[in-house]
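Raw contents of target.cif, mmCIF, C-alpha atoms and all ligand atoms:
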```cif
data_entry
#
loop_
_atom_site.group_PDB
_atom_site.id
_atom_site.type_symbol
_atom_site.label_atom_id
_atom_site.label_comp_id
_atom_site.auth_asym_id
_atom_site.auth_seq_id
_atom_site.Cartn_x
_atom_site.Cartn_y
_atom_site.Cartn_z
ATOM 1 C CA MET A 1 18.848 -5.984 13.539
ATOM 2 C CA ARG A 2 17.111 -3.066 11.826
ATOM 3 C CA HIS A 3 13.517 -3.418 10.747
ATOM 4 C CA ASN A 4 13.595 -5.037 7.336
ATOM 5 C CA PHE A 5 11.162 -3.837 4.678
ATOM 6 C CA TYR A 6 11.953 -6.948 2.683
ATOM 7 C CA CYS A 7 11.030 -9.317 5.481
ATOM 8 C CA TYR A 8 9.462 -11.725 2.997
ATOM 9 C CA MET A 9 12.589 -11.877 0.856
ATOM 10 C CA GLU A 10 15.867 -13.634 1.402
ATOM 11 C CA VAL A 11 18.012 -10.549 1.022
ATOM 12 C CA ASP A 12 20.590 -8.846 3.175
ATOM 13 C CA GLU A 13 18.856 -8.229 6.498
ATOM 14 C CA THR A 14 20.510 -4.859 6.930
ATOM 15 C CA GLU A 15 19.130 -3.544 3.644
ATOM 16 C CA THR A 16 16.348 -1.075 4.328
ATOM 17 C CA GLY A 17 13.677 0.562 2.222
ATOM 18 C CA LEU A 18 15.427 3.922 2.563
ATOM 19 C CA ASP A 19 18.688 2.368 1.305
ATOM 20 C CA ALA A 20 16.879 1.036 -1.756
ATOM 21 C CA ILE A 21 15.129 4.386 -2.306
ATOM 22 C CA ARG A 22 18.519 6.118 -2.244
ATOM 23 C CA GLN A 23 20.172 3.508 -4.508
ATOM 24 C CA ARG A 24 17.443 3.234 -7.160
ATOM 25 C CA ILE A 25 18.152 4.959 -10.440
ATOM 26 C CA SER A 26 16.634 4.386 -13.893
ATOM 27 C CA VAL A 27 18.709 1.766 -15.721
ATOM 28 C CA ARG A 28 18.258 1.661 -19.495
ATOM 29 C CA SER A 29 21.315 -0.450 -20.497
ATOM 30 C CA TYR A 30 21.491 -4.059 -19.285
ATOM 31 C CA ALA A 31 24.394 -6.509 -19.057
ATOM 32 C CA ASP A 32 24.389 -9.755 -21.010
ATOM 33 C CA LYS A 33 23.968 -11.703 -17.768
ATOM 34 C CA GLN A 34 20.957 -13.836 -16.960
ATOM 35 C CA VAL A 35 19.029 -13.324 -13.745
ATOM 36 C CA GLU A 36 19.661 -16.509 -11.745
ATOM 37 C CA PRO A 37 16.670 -18.858 -11.212
ATOM 38 C CA GLU A 38 16.628 -18.245 -7.453
ATOM 39 C CA VAL A 39 16.626 -14.452 -7.933
ATOM 40 C CA ARG A 40 13.944 -14.835 -10.569
ATOM 41 C CA LYS A 41 11.868 -16.788 -8.076
ATOM 42 C CA LEU A 42 12.131 -13.860 -5.648
ATOM 43 C CA LEU A 43 10.976 -11.510 -8.412
ATOM 44 C CA GLU A 44 8.002 -13.790 -9.144
ATOM 45 C CA ASP A 45 7.256 -13.688 -5.449
ATOM 46 C CA LEU A 46 7.382 -9.882 -5.399
ATOM 47 C CA CYS A 47 4.959 -9.819 -8.318
ATOM 48 C CA SER A 48 2.469 -12.204 -6.783
ATOM 49 C CA ILE A 49 -0.850 -10.583 -6.228
ATOM 50 C CA GLN A 50 -1.115 -11.290 -2.495
ATOM 51 C CA LYS A 51 1.763 -8.944 -1.760
ATOM 52 C CA ASN A 52 0.309 -6.047 -3.728
ATOM 53 C CA ALA A 53 -2.434 -3.906 -2.323
ATOM 54 C CA GLY A 54 -2.464 -0.144 -2.652
ATOM 55 C CA PRO A 55 -4.035 2.445 -0.322
ATOM 56 C CA PHE A 56 -7.086 2.864 -2.621
ATOM 57 C CA GLY A 57 -7.808 -0.878 -2.781
ATOM 58 C CA SER A 58 -7.685 -1.260 -6.589
ATOM 59 C CA ALA A 59 -7.183 -4.648 -8.212
ATOM 60 C CA VAL A 60 -3.522 -4.504 -9.267
ATOM 61 C CA ARG A 61 -1.845 -7.369 -11.101
ATOM 62 C CA PHE A 62 1.750 -7.975 -12.199
ATOM 63 C CA ARG A 63 3.452 -10.360 -14.556
ATOM 64 C CA LEU A 64 7.121 -11.174 -15.017
ATOM 65 C CA LEU A 65 7.610 -11.529 -18.769
ATOM 66 C CA ASP A 66 10.643 -13.292 -20.220
ATOM 67 C CA LEU A 67 11.368 -12.248 -23.799
ATOM 68 C CA GLU A 68 13.933 -15.037 -24.259
ATOM 69 C CA PRO A 69 11.538 -17.726 -25.581
ATOM 70 C CA LEU A 70 9.897 -15.335 -28.078
ATOM 71 C CA SER A 71 10.682 -15.540 -31.766
ATOM 72 C CA ILE A 72 12.774 -12.763 -33.315
ATOM 73 C CA SER A 73 9.742 -11.145 -34.926
ATOM 74 C CA GLU A 74 7.746 -11.323 -31.669
ATOM 75 C CA THR A 75 10.653 -9.758 -29.762
ATOM 76 C CA ARG A 76 10.833 -6.992 -32.343
ATOM 77 C CA ARG A 77 7.166 -6.228 -31.824
ATOM 78 C CA MET A 78 7.638 -5.882 -28.038
ATOM 79 C CA GLY A 79 9.660 -2.715 -28.439
ATOM 80 C CA THR A 80 10.772 0.161 -26.242
ATOM 81 C CA TYR A 81 11.700 2.419 -29.205
ATOM 82 C CA GLY A 82 15.390 1.754 -28.608
ATOM 83 C CA VAL A 83 15.284 3.267 -25.116
ATOM 84 C CA ILE A 84 16.042 0.015 -23.265
ATOM 85 C CA LYS A 85 19.062 -2.027 -24.352
ATOM 86 C CA GLY A 86 19.726 -5.678 -23.519
ATOM 87 C CA ALA A 87 16.863 -6.421 -21.102
ATOM 88 C CA ARG A 88 15.239 -9.860 -21.323
ATOM 89 C CA LEU A 89 12.892 -9.646 -18.357
ATOM 90 C CA TYR A 90 10.086 -7.139 -17.905
ATOM 91 C CA ILE A 91 7.565 -6.593 -15.134
ATOM 92 C CA LEU A 92 4.169 -5.569 -16.507
ATOM 93 C CA GLY A 93 1.662 -3.804 -14.258
ATOM 94 C CA ALA A 94 -2.101 -3.831 -14.915
ATOM 95 C CA VAL A 95 -4.929 -2.275 -12.920
ATOM 96 C CA SER A 96 -8.694 -2.036 -13.263
ATOM 97 C CA GLY A 97 -9.688 1.567 -13.989
ATOM 98 C CA GLY A 98 -11.390 3.675 -11.307
ATOM 99 C CA LYS A 99 -10.578 6.169 -8.571
ATOM 100 C CA GLY A 100 -7.115 5.608 -7.156
ATOM 101 C CA ALA A 101 -6.188 3.023 -9.800
ATOM 102 C CA MET A 102 -3.133 4.882 -11.101
ATOM 103 C CA GLU A 103 -1.940 5.684 -7.569
ATOM 104 C CA ASP A 104 -2.285 2.032 -6.512
ATOM 105 C CA LEU A 105 -0.384 0.870 -9.586
ATOM 106 C CA GLY A 106 2.395 3.365 -8.787
ATOM 107 C CA TYR A 107 2.492 2.357 -5.122
ATOM 108 C CA CYS A 108 2.647 -1.402 -5.826
ATOM 109 C CA LEU A 109 5.066 -1.325 -8.752
ATOM 110 C CA GLU A 110 7.430 0.942 -6.819
ATOM 111 C CA LYS A 111 7.433 -1.585 -3.954
ATOM 112 C CA ILE A 112 8.449 -4.266 -6.459
ATOM 113 C CA ILE A 113 11.100 -1.950 -7.919
ATOM 114 C CA LEU A 114 12.572 -1.283 -4.465
ATOM 115 C CA GLY A 115 12.627 -5.025 -3.825
ATOM 116 C CA ALA A 116 14.436 -5.592 -7.127
ATOM 117 C CA THR A 117 16.889 -2.797 -6.233
ATOM 118 C CA ALA A 118 17.655 -4.540 -2.941
ATOM 119 C CA LEU A 119 18.447 -7.664 -4.975
ATOM 120 C CA GLY A 120 21.074 -5.686 -6.932
ATOM 121 C CA LEU A 121 18.919 -5.454 -10.064
ATOM 122 C CA GLY A 122 18.317 -2.463 -12.289
ATOM 123 C CA THR A 123 14.865 -1.237 -13.344
ATOM 124 C CA CYS A 124 13.367 1.705 -15.229
ATOM 125 C CA TRP A 125 9.800 2.943 -15.012
ATOM 126 C CA LEU A 126 8.362 3.066 -18.534
ATOM 127 C CA GLY A 127 5.043 4.837 -18.949
ATOM 128 C CA GLY A 128 5.524 6.238 -22.413
ATOM 129 C CA THR A 129 8.403 4.729 -24.377
ATOM 130 C CA PHE A 130 7.099 1.191 -24.871
ATOM 131 C CA LYS A 131 4.698 -0.434 -27.326
ATOM 132 C CA ARG A 132 1.729 -0.588 -25.001
ATOM 133 C CA GLY A 133 -0.428 -2.721 -27.311
ATOM 134 C CA SER A 134 2.108 -5.538 -27.673
ATOM 135 C CA PHE A 135 2.882 -5.701 -23.951
ATOM 136 C CA ALA A 136 -0.861 -5.457 -23.164
ATOM 137 C CA ALA A 137 -1.474 -8.515 -25.358
ATOM 138 C CA ARG A 138 1.056 -10.476 -23.238
ATOM 139 C CA MET A 139 -0.723 -9.319 -20.081
ATOM 140 C CA GLU A 140 -4.081 -10.604 -21.382
ATOM 141 C CA LEU A 141 -5.924 -7.582 -20.025
ATOM 142 C CA ALA A 142 -9.488 -7.980 -18.746
ATOM 143 C CA GLY A 143 -12.176 -5.628 -20.101
ATOM 144 C CA ASP A 144 -11.629 -2.684 -17.759
ATOM 145 C CA GLU A 145 -7.903 -3.181 -17.132
ATOM 146 C CA LEU A 146 -5.205 -0.751 -18.236
ATOM 147 C CA LEU A 147 -1.456 -1.257 -18.568
ATOM 148 C CA PRO A 148 -0.105 2.082 -17.273
ATOM 149 C CA ALA A 149 3.557 1.108 -16.941
ATOM 150 C CA ILE A 150 6.181 -1.598 -17.213
ATOM 151 C CA THR A 151 9.801 -1.928 -16.156
ATOM 152 C CA PRO A 152 12.715 -3.927 -17.531
ATOM 153 C CA VAL A 153 14.598 -5.800 -14.841
ATOM 154 C CA GLY A 154 18.117 -7.202 -14.974
ATOM 155 C CA TYR A 155 21.745 -6.533 -14.141
ATOM 156 C CA PRO A 156 22.915 -3.058 -15.168
ATOM 157 C CA ALA A 157 25.534 -2.833 -17.926
ATOM 158 C CA VAL A 158 28.806 -1.204 -16.968
ATOM 159 C CA GLU A 159 28.477 1.376 -19.772
ATOM 160 C CA LYS A 160 25.390 3.510 -20.343
ATOM 161 C CA SER A 161 24.161 3.652 -23.969
ATOM 162 C CA VAL A 162 24.231 6.978 -25.806
ATOM 163 C CA THR A 163 20.392 6.994 -25.799
ATOM 164 C CA GLU A 164 20.419 6.502 -22.027
ATOM 165 C CA ARG A 165 22.860 9.355 -21.486
ATOM 166 C CA MET A 166 20.776 11.610 -23.726
ATOM 167 C CA MET A 167 17.544 10.704 -21.908
ATOM 168 C CA ARG A 168 19.061 11.372 -18.493
ATOM 169 C CA PHE A 169 20.377 14.715 -19.682
ATOM 170 C CA GLY A 170 17.060 15.623 -21.364
ATOM 171 C CA ALA A 171 14.973 14.881 -18.276
ATOM 172 C CA GLY A 172 17.562 16.369 -15.876
ATOM 173 C CA SER A 173 17.346 13.037 -14.055
ATOM 174 C CA ASN A 174 20.110 13.791 -11.560
ATOM 175 C CA ARG A 175 18.331 16.882 -10.246
ATOM 176 C CA ARG A 176 15.520 17.135 -7.729
ATOM 177 C CA LYS A 177 13.538 20.148 -6.535
ATOM 178 C CA SER A 178 14.582 21.508 -3.141
ATOM 179 C CA TRP A 179 12.629 21.195 0.124
ATOM 180 C CA PRO A 180 11.184 24.747 -0.033
ATOM 181 C CA GLU A 181 9.796 24.021 -3.509
ATOM 182 C CA LEU A 182 7.989 20.854 -2.402
ATOM 183 C CA PHE A 183 7.019 20.944 1.277
ATOM 184 C CA PHE A 184 4.793 23.519 3.004
ATOM 185 C CA LYS A 185 2.885 24.442 6.118
ATOM 186 C CA SER A 186 -0.934 24.338 6.008
ATOM 187 C CA ASP A 187 -1.237 27.676 4.168
ATOM 188 C CA GLY A 188 0.425 25.956 1.202
ATOM 189 C CA ILE A 189 2.889 28.863 0.871
ATOM 190 C CA THR A 190 5.239 28.863 3.859
ATOM 191 C CA ALA A 191 8.123 26.459 3.341
ATOM 192 C CA LEU A 192 8.565 23.640 5.830
ATOM 193 C CA THR A 193 12.001 23.001 7.280
ATOM 194 C CA GLU A 194 13.476 19.583 7.972
ATOM 195 C CA SER A 195 13.461 20.207 11.710
ATOM 196 C CA GLU A 196 9.733 21.091 11.602
ATOM 197 C CA CYS A 197 9.065 17.620 10.134
ATOM 198 C CA GLY A 198 10.719 16.072 13.171
ATOM 199 C CA LEU A 199 10.907 12.287 13.023
ATOM 200 C CA PHE A 200 9.166 12.326 9.630
ATOM 201 C CA SER A 201 11.954 14.230 7.842
ATOM 202 C CA ASP A 202 13.382 11.043 6.255
ATOM 203 C CA ALA A 203 9.906 10.132 4.977
ATOM 204 C CA TYR A 204 9.626 13.586 3.344
ATOM 205 C CA GLU A 205 13.110 13.202 1.883
ATOM 206 C CA ALA A 206 12.154 9.776 0.481
ATOM 207 C CA VAL A 207 9.324 11.439 -1.469
ATOM 208 C CA ARG A 208 11.662 14.179 -2.723
ATOM 209 C CA ILE A 209 14.245 11.804 -4.184
ATOM 210 C CA GLY A 210 11.712 9.514 -5.869
ATOM 211 C CA PRO A 211 11.346 8.942 -9.608
ATOM 212 C CA SER A 212 8.604 10.696 -11.587
ATOM 213 C CA ALA A 213 7.504 10.749 -15.206
ATOM 214 C CA SER A 214 9.889 13.012 -17.163
ATOM 215 C CA ASN A 215 11.294 13.960 -13.732
ATOM 216 C CA LYS A 216 8.520 16.549 -13.340
ATOM 217 C CA GLN A 217 8.274 15.942 -9.562
ATOM 218 C CA PRO A 218 4.587 16.859 -9.208
ATOM 219 C CA TRP A 219 4.299 15.816 -5.541
ATOM 220 C CA ARG A 220 3.746 18.397 -2.796
ATOM 221 C CA LEU A 221 3.484 17.656 0.925
ATOM 222 C CA ILE A 222 1.731 19.807 3.499
ATOM 223 C CA LEU A 223 2.041 19.364 7.245
ATOM 224 C CA ASP A 224 -1.178 20.563 8.912
ATOM 225 C CA GLN A 225 -1.545 22.011 12.399
ATOM 226 C CA GLN A 226 -2.634 18.629 13.822
ATOM 227 C CA GLY A 227 0.597 16.999 12.607
ATOM 228 C CA ALA A 228 -0.995 15.146 9.657
ATOM 229 C CA THR A 229 0.844 15.060 6.321
ATOM 230 C CA HIS A 230 -1.186 15.659 3.140
ATOM 231 C CA LEU A 231 -0.039 14.568 -0.291
ATOM 232 C CA TYR A 232 -1.080 16.787 -3.202
ATOM 233 C CA LEU A 233 -0.638 16.695 -6.963
ATOM 234 C CA LYS A 234 0.545 19.791 -8.768
ATOM 235 C CA GLU A 235 -0.747 18.638 -12.102
ATOM 236 C CA ASN A 236 0.587 19.570 -15.501
ATOM 237 C CA LYS A 237 -2.787 19.025 -17.201
ATOM 238 C CA ILE A 238 -1.565 18.802 -20.770
ATOM 239 C CA TYR A 239 1.203 16.352 -19.891
ATOM 240 C CA ASN A 240 -0.871 14.244 -17.502
ATOM 241 C CA ARG A 241 -3.893 13.867 -19.785
ATOM 242 C CA MET A 242 -2.191 13.175 -23.094
ATOM 243 C CA MET A 243 -2.583 9.382 -22.732
ATOM 244 C CA GLY A 244 -6.292 9.234 -21.947
ATOM 245 C CA LYS A 245 -7.064 7.075 -18.944
ATOM 246 C CA VAL A 246 -3.381 6.433 -18.202
ATOM 247 C CA ARG A 247 -2.355 9.353 -15.965
ATOM 248 C CA LEU A 248 1.363 9.196 -15.299
ATOM 249 C CA GLN A 249 1.327 11.981 -12.726
ATOM 250 C CA LEU A 250 -1.146 9.959 -10.631
ATOM 251 C CA VAL A 251 1.274 7.024 -10.923
ATOM 252 C CA ASP A 252 3.894 9.460 -9.548
ATOM 253 C CA MET A 253 1.556 10.081 -6.593
ATOM 254 C CA GLY A 254 1.496 6.339 -5.912
ATOM 255 C CA ILE A 255 5.293 6.266 -5.867
ATOM 256 C CA ALA A 256 5.255 9.098 -3.308
ATOM 257 C CA LEU A 257 2.694 7.197 -1.185
ATOM 258 C CA CYS A 258 4.997 4.165 -1.291
ATOM 259 C CA HIS A 259 8.217 5.995 -0.395
ATOM 260 C CA PHE A 260 6.651 7.897 2.502
ATOM 261 C CA GLU A 261 5.054 4.771 3.949
ATOM 262 C CA VAL A 262 8.109 2.539 3.541
ATOM 263 C CA VAL A 263 10.235 4.956 5.554
ATOM 264 C CA ALA A 264 7.548 5.737 8.123
ATOM 265 C CA ARG A 265 7.056 1.997 8.770
ATOM 266 C CA GLU A 266 10.804 1.410 8.918
ATOM 267 C CA LEU A 267 11.157 4.130 11.557
ATOM 268 C CA LYS A 268 8.100 2.750 13.373
ATOM 269 C CA LEU A 269 6.309 6.086 13.066
ATOM 270 C CA PRO A 270 2.577 6.144 13.762
ATOM 271 C CA GLY A 271 -0.079 6.555 11.070
ATOM 272 C CA SER A 272 -1.367 5.202 7.792
ATOM 273 C CA TRP A 273 -2.683 6.603 4.506
ATOM 274 C CA ASN A 274 -6.277 7.820 4.555
ATOM 275 C CA THR A 275 -7.960 8.260 1.199
ATOM 276 C CA GLY A 276 -11.299 9.977 0.647
ATOM 277 C CA VAL A 277 -10.578 12.637 3.298
ATOM 278 C CA GLU A 278 -10.226 16.364 2.679
ATOM 279 C CA GLY A 279 -7.108 18.406 3.303
ATOM 280 C CA PRO A 280 -6.494 22.145 3.464
ATOM 281 C CA ARG A 281 -7.722 23.679 0.194
ATOM 282 C CA ILE A 282 -4.708 24.945 -1.723
ATOM 283 C CA PRO A 283 -5.236 26.683 -5.079
ATOM 284 C CA GLY A 284 -3.631 24.743 -7.922
ATOM 285 C CA LEU A 285 -3.113 21.581 -5.890
ATOM 286 C CA GLN A 286 -5.229 18.399 -5.896
ATOM 287 C CA HIS A 287 -5.513 16.493 -2.603
ATOM 288 C CA ILE A 288 -4.608 12.793 -2.881
ATOM 289 C CA ALA A 289 -4.338 11.321 0.614
ATOM 290 C CA CYS A 290 -3.519 12.123 4.222
ATOM 291 C CA TRP A 291 -1.084 10.349 6.551
ATOM 292 C CA LYS A 292 -2.388 10.438 10.112
HETATM 293 C C1 LIG B 301 5.503 6.995 -14.025
HETATM 294 C C2 LIG B 301 6.846 7.099 -14.713
HETATM 295 C C3 LIG B 301 6.926 6.939 -16.082
HETATM 296 C C4 LIG B 301 8.176 6.981 -16.724
HETATM 297 N N1 LIG B 301 8.239 6.747 -18.068
HETATM 298 C C5 LIG B 301 9.435 6.683 -18.691
HETATM 299 C C6 LIG B 301 9.520 6.321 -20.055
HETATM 300 O O1 LIG B 301 8.521 6.079 -20.728
HETATM 301 N N2 LIG B 301 10.765 6.224 -20.612
HETATM 302 C C7 LIG B 301 11.902 6.462 -19.895
HETATM 303 O O2 LIG B 301 12.988 6.315 -20.454
HETATM 304 N N3 LIG B 301 11.858 6.829 -18.585
HETATM 305 C C8 LIG B 301 10.647 6.935 -17.967
HETATM 306 N N4 LIG B 301 10.582 7.258 -16.630
HETATM 307 C C9 LIG B 301 11.822 7.482 -15.855
HETATM 308 C C10 LIG B 301 12.026 8.960 -15.465
HETATM 309 O O3 LIG B 301 12.458 9.695 -16.582
HETATM 310 C C11 LIG B 301 13.042 9.017 -14.322
HETATM 311 O O4 LIG B 301 12.500 8.368 -13.200
HETATM 312 C C12 LIG B 301 13.424 10.434 -13.913
HETATM 313 O O5 LIG B 301 14.071 11.090 -14.976
HETATM 314 C C13 LIG B 301 14.367 10.446 -12.697
HETATM 315 O O6 LIG B 301 15.525 9.681 -12.945
HETATM 316 P P1 LIG B 301 15.922 8.457 -12.014
HETATM 317 O O7 LIG B 301 14.791 7.444 -12.115
HETATM 318 O O8 LIG B 301 17.200 7.925 -12.595
HETATM 319 O O9 LIG B 301 16.071 8.957 -10.613
HETATM 320 C C14 LIG B 301 9.358 7.246 -15.974
HETATM 321 C C15 LIG B 301 9.243 7.432 -14.592
HETATM 322 C C16 LIG B 301 8.022 7.349 -13.968
HETATM 323 C C17 LIG B 301 7.946 7.485 -12.486
#
```

Rewrite the structure of this file - the entire thing - as structure tokens.
Ligand SMILES: Cc1cc2nc3c(=O)[nH]c(=O)nc-3n(C[C@H](O)[C@H](O)[C@H](O)COP(=O)(O)O)c2cc1C
Amino acid sequence: MRHNFYCYMEVDETETGLDAIRQRISVRSYADKQVEPEVRKLLEDLCSIQKNAGPFGSAVRFRLLDLEPLSISETRRMGTYGVIKGARLYILGAVSGGKGAMEDLGYCLEKIILGATALGLGTCWLGGTFKRGSFAARMELAGDELLPAITPVGYPAVEKSVTERMMRFGAGSNRRKSWPELFFKSDGITALTESECGLFSDAYEAVRIGPSASNKQPWRLILDQQGATHLYLKENKIYNRMMGKVRLQLVDMGIALCHFEVVARELKLPGSWNTGVEGPRIPGLQHIACWK
């Protein structure tokens, strides 16, 4: 039996985190099929606070919201500007502000999303195209909490809506940057090859194929001379700071932290994420964490 990332879930034992990372895709059109009570229970379980702790130690909290019992006018208020069609269930993610908060939210919600993917469900990270105030009211946010992102969850529709097709085309969602554009040696310039990553090459690949806000792919990895991997943000300042304290490109960093770790653990590779340590100084890049 292969190591199972979803050891706490009753899902196919052969399903791995890397499988789910490869399978996951943003789903914006949902089938008119209810999520069965037992599957819903597993989702509730994934959302429970005990199973969610990010590398920075922020207080992250999730809620599975069912729109079904809401009145028509309430449902209308909980909008996604027409981007999501047919979803009844949403997972809402809140975190107390502070250093590493966005990364932790990204890390934890992506773990839930991979779990949902392994259950055959569709999801779609939403950091911009949802009515934040209405969903925040349902989350009953504490004073310093933010609601950076939510995701619908449900069975994918067979046909994609026109809006969905347009959004995928607009963001170039099927494309990812190549290895030489993302992964470097410690000078931050020389491209790193797959063979130079050795046993960690799948963990690097898992970062590369991950989702990111508007598919901007702001993650960069650097392998230093001691064999430690450093995660950096190549920030688009205007884009990242347009929503005040909600920084979607830091959420992207959390997703990268999650993907790398899931695969490293699955392959039983040594190390863990260290935050608050310095990495090689690379102009234009912001150090986030180091795997050693
Ligand atoms: C933090 C974050 C925020 C996102 N926000 C939105 C959003 O508001 N609306 C949307 O339709 N897609 C959103 N996306 C989905 C991305 O556009 C999508 O992940 C990217 O285009 C890659 O496509 P894929 O997820 O199908 O691989 C977001 C993704 C991330 C990671």

My list of candidates is A:Cys124, A:Leu248, A:Glu36, A:Thr275. Which is closest to Glu164 in chain A when distances are computed with only C-alpha atoms?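 Under the stated criterion, the closest residue is A:Cys124.
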
Could you list, with a cut-off of 8 Å and counting only C-alpha atoms and all ligand atoms, the residues of chain A near ligand LIG 301 (chain B), each shown with its nearest atom pair and the distance in Å rounded to one decimal, rows sorted by chain and ascending number, as a Markdown table?
```
| residue | atom | partner | partner_atom | distance |
| --- | --- | --- | --- | --- |
| A:Arg24 | CA | B:LIG301 | O9 | 6.8 |
| A:Ile25 | CA | B:LIG301 | O8 | 3.8 |
| A:Ser26 | CA | B:LIG301 | O8 | 3.8 |
| A:Val27 | CA | B:LIG301 | O8 | 7.1 |
| A:Arg28 | CA | B:LIG301 | O2 | 7.1 |
| A:Val83 | CA | B:LIG301 | O2 | 6.0 |
| A:Ile84 | CA | B:LIG301 | O2 | 7.5 |
| A:Gly106 | CA | B:LIG301 | C1 | 7.1 |
| A:Cys124 | CA | B:LIG301 | C9 | 6.0 |
| A:Trp125 | CA | B:LIG301 | C14 | 4.4 |
| A:Leu126 | CA | B:LIG301 | N1 | 3.7 |
| A:Gly127 | CA | B:LIG301 | N1 | 3.8 |
| A:Gly128 | CA | B:LIG301 | O1 | 3.4 |
| A:Thr129 | CA | B:LIG301 | O1 | 3.9 |
| A:Phe130 | CA | B:LIG301 | O1 | 6.6 |
| A:Ala149 | CA | B:LIG301 | C3 | 6.8 |
| A:Glu164 | CA | B:LIG301 | O2 | 7.6 |
| A:Met167 | CA | B:LIG301 | O2 | 6.5 |
| A:Arg168 | CA | B:LIG301 | O5 | 6.1 |
| A:Ala171 | CA | B:LIG301 | O5 | 5.1 |
| A:Gly172 | CA | B:LIG301 | O5 | 6.4 |
| A:Ser173 | CA | B:LIG301 | O5 | 3.9 |
| A:Asn174 | CA | B:LIG301 | O6 | 6.3 |
| A:Arg175 | CA | B:LIG301 | C13 | 7.9 |
| A:Ile209 | CA | B:LIG301 | O9 | 7.3 |
| A:Gly210 | CA | B:LIG301 | O9 | 6.5 |
| A:Pro211 | CA | B:LIG301 | O4 | 3.8 |
| A:Ser212 | CA | B:LIG301 | C17 | 3.4 |
| A:Ala213 | CA | B:LIG301 | C16 | 3.7 |
| A:Ser214 | CA | B:LIG301 | O3 | 4.2 |
| A:Asn215 | CA | B:LIG301 | C12 | 4.1 |
| A:Lys216 | CA | B:LIG301 | C12 | 7.9 |
| A:Leu248 | CA | B:LIG301 | C1 | 4.9 |
| A:Gln249 | CA | B:LIG301 | C1 | 6.6 |
| A:Val251 | CA | B:LIG301 | C1 | 5.2 |
| A:Asp252 | CA | B:LIG301 | C1 | 5.4 |
| A:Ile255 | CA | B:LIG301 | C17 | 7.2 |
```

_Once the PyMOL selection byres (((chain A and resi 54) around 7) and not hetatm) has been evaluated on this model, what residues remain selected, and can you format them as a list in words?_
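When the PyMOL selection byres (((chain A and resi 54) around 7) and not hetatm) is applied, the selected residues are Asn52, Ala53, Pro55, Phe56, Gly57, Ser58, Asp104, Tyr107 and Cys108 of chain A.
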
> What is the distance between CA of Met102 in chain A and CA of Gln225 in chain A, in Å to one decimal?
Replying inline: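 According to the coordinates, CA of Met102 in chain A and CA of Gln225 in chain A are separated by 29.1 Å.
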
What do you get, as a CSV table (one decimal) with C-alpha atoms, in the frame of the given file, if you spell out every residue that the PyMOL selection byres (((chain A and resi 273) around 12) and not hetatm) selects here?
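After the write, result.csv holds the following:
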```
chain,number,residue,atom,x,y,z
A,54,GLY,CA,-2.5,-0.1,-2.7
A,55,PRO,CA,-4.0,2.4,-0.3
A,56,PHE,CA,-7.1,2.9,-2.6
A,57,GLY,CA,-7.8,-0.9,-2.8
A,104,ASP,CA,-2.3,2.0,-6.5
A,107,TYR,CA,2.5,2.4,-5.1
A,228,ALA,CA,-1.0,15.1,9.7
A,229,THR,CA,0.8,15.1,6.3
A,230,HIS,CA,-1.2,15.7,3.1
A,231,LEU,CA,0.0,14.6,-0.3
A,254,GLY,CA,1.5,6.3,-5.9
A,256,ALA,CA,5.3,9.1,-3.3
A,257,LEU,CA,2.7,7.2,-1.2
A,258,CYS,CA,5.0,4.2,-1.3
A,259,HIS,CA,8.2,6.0,-0.4
A,260,PHE,CA,6.7,7.9,2.5
A,261,GLU,CA,5.1,4.8,3.9
A,262,VAL,CA,8.1,2.5,3.5
A,264,ALA,CA,7.5,5.7,8.1
A,265,ARG,CA,7.1,2.0,8.8
A,270,PRO,CA,2.6,6.1,13.8
A,271,GLY,CA,-0.1,6.6,11.1
A,272,SER,CA,-1.4,5.2,7.8
A,274,ASN,CA,-6.3,7.8,4.6
A,275,THR,CA,-8.0,8.3,1.2
A,276,GLY,CA,-11.3,10.0,0.6
A,277,VAL,CA,-10.6,12.6,3.3
A,288,ILE,CA,-4.6,12.8,-2.9
A,289,ALA,CA,-4.3,11.3,0.6
A,290,CYS,CA,-3.5,12.1,4.2
A,291,TRP,CA,-1.1,10.3,6.6
A,292,LYS,CA,-2.4,10.4,10.1
```

(Q) So the first atom is CA of Ile91 in chain A and the second is CA of Lys237 in chain A; what is the distance between them in Å, to one decimal place? (A)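 Distance between the two atoms: 27.7 Å.
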
Suppose you want the space between CA of Glu103 in chain A and CA of Thr16 in chain A; what is it in Å?
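Result for CA of Glu103 in chain A versus CA of Thr16 in chain A: 22.8 Å, one decimal.
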
Wanna dump the range 247-282 of chain A-range 185-200 of chain A contacts at 10 Å for me, each residue with its shortest atom pair and the distance in Å to one decimal, counting only C-alpha atoms, ordered by chain and number, as JSON lines?
```
{"residue": "A:Phe260", "atom": "CA", "partner": "A:Phe200", "partner_atom": "CA", "distance": 8.8}
{"residue": "A:Val263", "atom": "CA", "partner": "A:Phe200", "partner_atom": "CA", "distance": 8.5}
{"residue": "A:Ala264", "atom": "CA", "partner": "A:Phe200", "partner_atom": "CA", "distance": 7.0}
{"residue": "A:Leu267", "atom": "CA", "partner": "A:Leu199", "partner_atom": "CA", "distance": 8.3}
{"residue": "A:Lys268", "atom": "CA", "partner": "A:Leu199", "partner_atom": "CA", "distance": 9.9}
{"residue": "A:Leu269", "atom": "CA", "partner": "A:Phe200", "partner_atom": "CA", "distance": 7.7}
{"residue": "A:Pro270", "atom": "CA", "partner": "A:Phe200", "partner_atom": "CA", "distance": 9.9}
{"residue": "A:Gly279", "atom": "CA", "partner": "A:Ser186", "partner_atom": "CA", "distance": 9.0}
{"residue": "A:Pro280", "atom": "CA", "partner": "A:Ser186", "partner_atom": "CA", "distance": 6.5}
{"residue": "A:Arg281", "atom": "CA", "partner": "A:Gly188", "partner_atom": "CA", "distance": 8.5}
{"residue": "A:Ile282", "atom": "CA", "partner": "A:Gly188", "partner_atom": "CA", "distance": 6.0}
```
